[in-house]
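Chemist: Provided herewith: input-v1.txt, compact mmCIF, C-alpha atoms.
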# COMPACT_ATOMS: atom_id res chain seq x y z
CA THR A 1 -35.12 -51.79 89.44
CA GLU A 2 -35.75 -51.29 85.72
CA GLY A 3 -35.23 -53.04 82.42
CA ALA A 4 -34.85 -56.76 81.82
CA VAL A 5 -32.11 -59.40 81.73
CA THR A 6 -31.92 -63.03 80.70
CA LEU A 7 -30.45 -65.44 83.24
CA SER A 8 -28.98 -68.71 81.99
CA ASP A 9 -26.21 -71.19 82.71
CA SER A 10 -23.19 -70.00 80.72
CA ALA A 11 -21.57 -73.44 81.06
CA GLY A 12 -24.33 -74.81 78.85
CA SER A 13 -25.28 -77.71 81.11
CA ARG A 14 -28.91 -76.68 80.68
CA ARG A 15 -28.63 -75.07 77.24
CA GLY A 16 -31.94 -73.55 76.22
CA GLN A 17 -32.94 -73.19 79.88
CA ALA A 18 -33.14 -69.42 80.38
CA VAL A 19 -35.37 -67.08 82.33
CA ASP A 20 -36.21 -63.48 81.51
CA LEU A 21 -36.17 -61.29 84.64
CA ARG A 22 -37.81 -57.90 84.88
CA ALA A 23 -37.73 -55.18 87.55
CA GLY A 24 -38.64 -56.71 90.92
CA ASP A 25 -37.92 -60.30 89.88
CA ARG A 26 -35.39 -62.50 91.63
CA GLY A 27 -33.35 -65.11 89.78
CA ARG A 28 -30.94 -67.78 91.00
CA LEU A 29 -28.67 -70.14 89.16
CA LEU A 30 -28.35 -73.33 91.20
CA ALA A 31 -25.16 -75.42 91.34
CA ASN A 32 -26.78 -78.08 89.14
CA GLY A 33 -27.39 -75.50 86.38
CA LEU A 34 -31.11 -75.10 87.04
CA VAL A 35 -32.43 -71.54 86.74
CA VAL A 36 -35.08 -70.53 89.27
CA SER A 37 -37.08 -67.30 89.26
CA GLU A 38 -39.53 -65.56 91.57
CA ARG A 39 -41.70 -62.86 90.04
CA GLY A 40 -42.06 -59.52 91.84
CA THR A 41 -40.44 -60.60 95.11
CA VAL A 42 -37.56 -58.11 95.43
CA THR A 43 -38.28 -55.52 98.13
CA PRO A 44 -37.04 -51.91 98.05
CA ASP A 45 -34.62 -52.75 100.91
CA GLU A 46 -33.11 -55.61 98.90
CA ALA A 47 -32.63 -53.38 95.86
CA ALA A 48 -31.14 -50.46 97.83
CA TRP A 49 -27.57 -51.54 96.97
CA VAL A 50 -28.21 -50.20 93.47
CA VAL A 51 -27.98 -46.68 94.90
CA GLY A 52 -25.14 -47.57 97.30
CA LYS A 53 -27.26 -48.23 100.39
CA LEU A 54 -26.94 -51.52 102.27
CA VAL A 55 -29.99 -52.54 104.32
CA TYR A 56 -29.93 -55.34 106.88
CA ARG A 57 -32.97 -56.71 108.68
CA ASP A 58 -31.92 -59.57 110.98
CA ALA A 59 -29.01 -60.43 108.68
CA PRO A 60 -26.36 -62.93 109.76
CA LEU A 61 -23.05 -61.28 110.65
CA ALA A 62 -21.33 -63.37 107.94
CA GLU A 63 -23.42 -61.58 105.30
CA VAL A 64 -22.39 -58.18 106.67
CA GLN A 65 -18.73 -59.27 106.77
CA ALA A 66 -18.87 -60.28 103.10
CA ASP A 67 -20.50 -56.98 102.11
CA LEU A 68 -17.94 -54.91 104.04
CA ARG A 69 -15.17 -56.81 102.26
CA ARG A 70 -16.77 -56.17 98.87
CA TRP A 71 -17.87 -52.53 99.39
CA TYR A 72 -15.08 -51.20 101.60
CA GLY A 73 -12.18 -53.63 101.09
CA VAL A 74 -12.17 -54.27 104.85
CA GLU A 75 -11.89 -57.64 106.56
CA LEU A 76 -14.09 -57.72 109.68
CA VAL A 77 -12.73 -60.30 112.14
CA VAL A 78 -14.94 -61.44 115.02
CA ALA A 79 -13.29 -64.11 117.17
CA ASP A 80 -15.93 -64.35 119.89
CA SER A 81 -18.55 -66.97 118.97
CA THR A 82 -21.30 -65.11 120.84
CA LEU A 83 -20.64 -61.96 118.83
CA ARG A 84 -20.56 -63.98 115.59
CA GLY A 85 -24.08 -65.18 116.40
CA TYR A 86 -25.58 -61.68 116.31
CA SER A 87 -28.16 -60.78 113.71
CA VAL A 88 -27.65 -57.31 112.29
CA LYS A 89 -30.35 -54.69 111.82
CA THR A 90 -28.96 -51.47 110.37
CA ASP A 91 -28.65 -49.37 107.23
CA ILE A 92 -25.34 -48.34 105.71
CA LEU A 93 -25.80 -45.12 103.76
CA PRO A 94 -24.06 -44.24 100.49
CA GLY A 95 -20.62 -42.80 101.20
CA GLU A 96 -20.77 -43.56 104.92
CA PRO A 97 -17.23 -43.93 106.30
CA ILE A 98 -16.24 -47.43 107.39
CA SER A 99 -15.25 -46.04 110.81
CA SER A 100 -18.87 -44.99 111.38
CA VAL A 101 -20.20 -48.36 110.21
CA VAL A 102 -17.86 -50.35 112.46
CA ALA A 103 -18.50 -48.11 115.46
CA ARG A 104 -22.25 -48.65 115.05
CA LEU A 105 -21.85 -52.42 114.69
CA GLY A 106 -19.60 -52.52 117.74
CA GLY A 107 -22.03 -50.47 119.80
CA TYR A 108 -24.94 -52.64 118.73
CA MET A 109 -23.06 -55.81 119.71
CA GLY A 110 -21.42 -54.42 122.85
CA ALA A 111 -18.02 -54.82 121.23
CA VAL A 112 -14.91 -52.70 120.78
CA ALA A 113 -13.45 -52.12 117.32
CA THR A 114 -9.71 -52.11 116.68
CA THR A 115 -8.39 -51.31 113.21
CA ARG A 116 -5.10 -52.56 111.81
CA GLY A 117 -4.62 -51.63 108.16
CA ASP A 118 -7.57 -53.03 106.21
CA THR A 119 -8.61 -55.37 109.04
CA VAL A 120 -11.10 -54.46 111.76
CA PHE A 121 -11.34 -56.62 114.87
CA LEU A 122 -14.52 -56.64 116.96
CA ASP A 123 -13.96 -57.97 120.49
CA ARG A 124 -15.78 -57.85 123.80
CA PRO A 125 -14.35 -55.12 126.03
CA GLY A 126 -11.43 -56.48 128.05
CA GLU A 127 -11.18 -59.67 125.98
CA ARG A 128 -9.02 -58.36 123.20
CA VAL A 129 -6.89 -61.10 121.69
CA LYS A 130 -3.20 -60.33 121.10
CA ARG A 131 -2.59 -59.79 117.42
Would you give me this structure, written as C-alpha cells?

Modeler:
Amino acid sequence: TEGAVTLSDSAGSRRGQAVDLRAGDRGRLLANGLVVSERGTVTPDEAAWVVGKLVYRDAPLAEVQADLRRWYGVELVVADSTLRGYSVKTDILPGEPISSVVARLGGYMGAVATTRGDTVFLDRPGERVKR
C-alpha cells in the first residue's frame, strides 16, 4: 500500500534478476526463479489483509481454508465434495471471532459447523460423519 520493495530469487538461480515493486504492484517469484511483475494491478480488496480484513470475491474454498489456518489457527474440514466446490463471497472483518466466520460460511453453503478443538467441520445437515 506504500513504499517499495525489491523482489528477487534468494537462491541466486537468476542472480541479477530483480524487480522493484511499488504500492499497487504485484510480484511473483516462479518455481524456475523467474521474477514477474504487474504494475498497478493490486485492488483495494486484495490489499485489505494489511489492515486485518480478508475479502473474498468468488474465491475457491481451499483459499479460504488456508487463510483461516494462517489467521485463526483453525483447520476447516469439508468432507462433502459438493460443499468443497463452493466459491466464497464474503468479508472477514478485523477481530471478527472465528465462530462468526464459520457460522456465516456454513449458512452460505447450507452446512452445519461442528467445532472440536482447533478443527471445524462443515457438513450438510443430517450427513455428519462420525469423528

Chemist: Would you work out the distance separating atom CA of A:Val64 from atom CA of A:Ser99, expressed in Å to one decimal?

Modeler: 14.7 Å

Chemist: Which neighbours of A:Ser87 fall inside 9 Å, counting only C-alpha atoms, when residues of the same chain fewer than 2 positions from it are skipped, and could you give them as a ChimeraX atom specification?

Modeler: /A:56-61,84-85,89

Chemist: Can you work out the spacing between atom CA of A:Ser10 and atom CA of A:Tyr72 in Å, to one decimal?

Modeler: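 Interatomic distance, atom CA of A:Ser10 to atom CA of A:Tyr72: 29.2 Å.
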
Chemist: Write out as an NGL selection string which residues come within 10 Å of A:Arg39 when counting all atoms listed in the file, dropping same-chain ones fewer than 3 positions away.

Modeler: :A and (21-27 or 42)

Chemist: Could you jot down the atom CA of A:Val19 to atom CA of A:Thr1 separation for me, Å, one decimal place?

Modeler: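 Those two atoms sit 16.9 Å apart.
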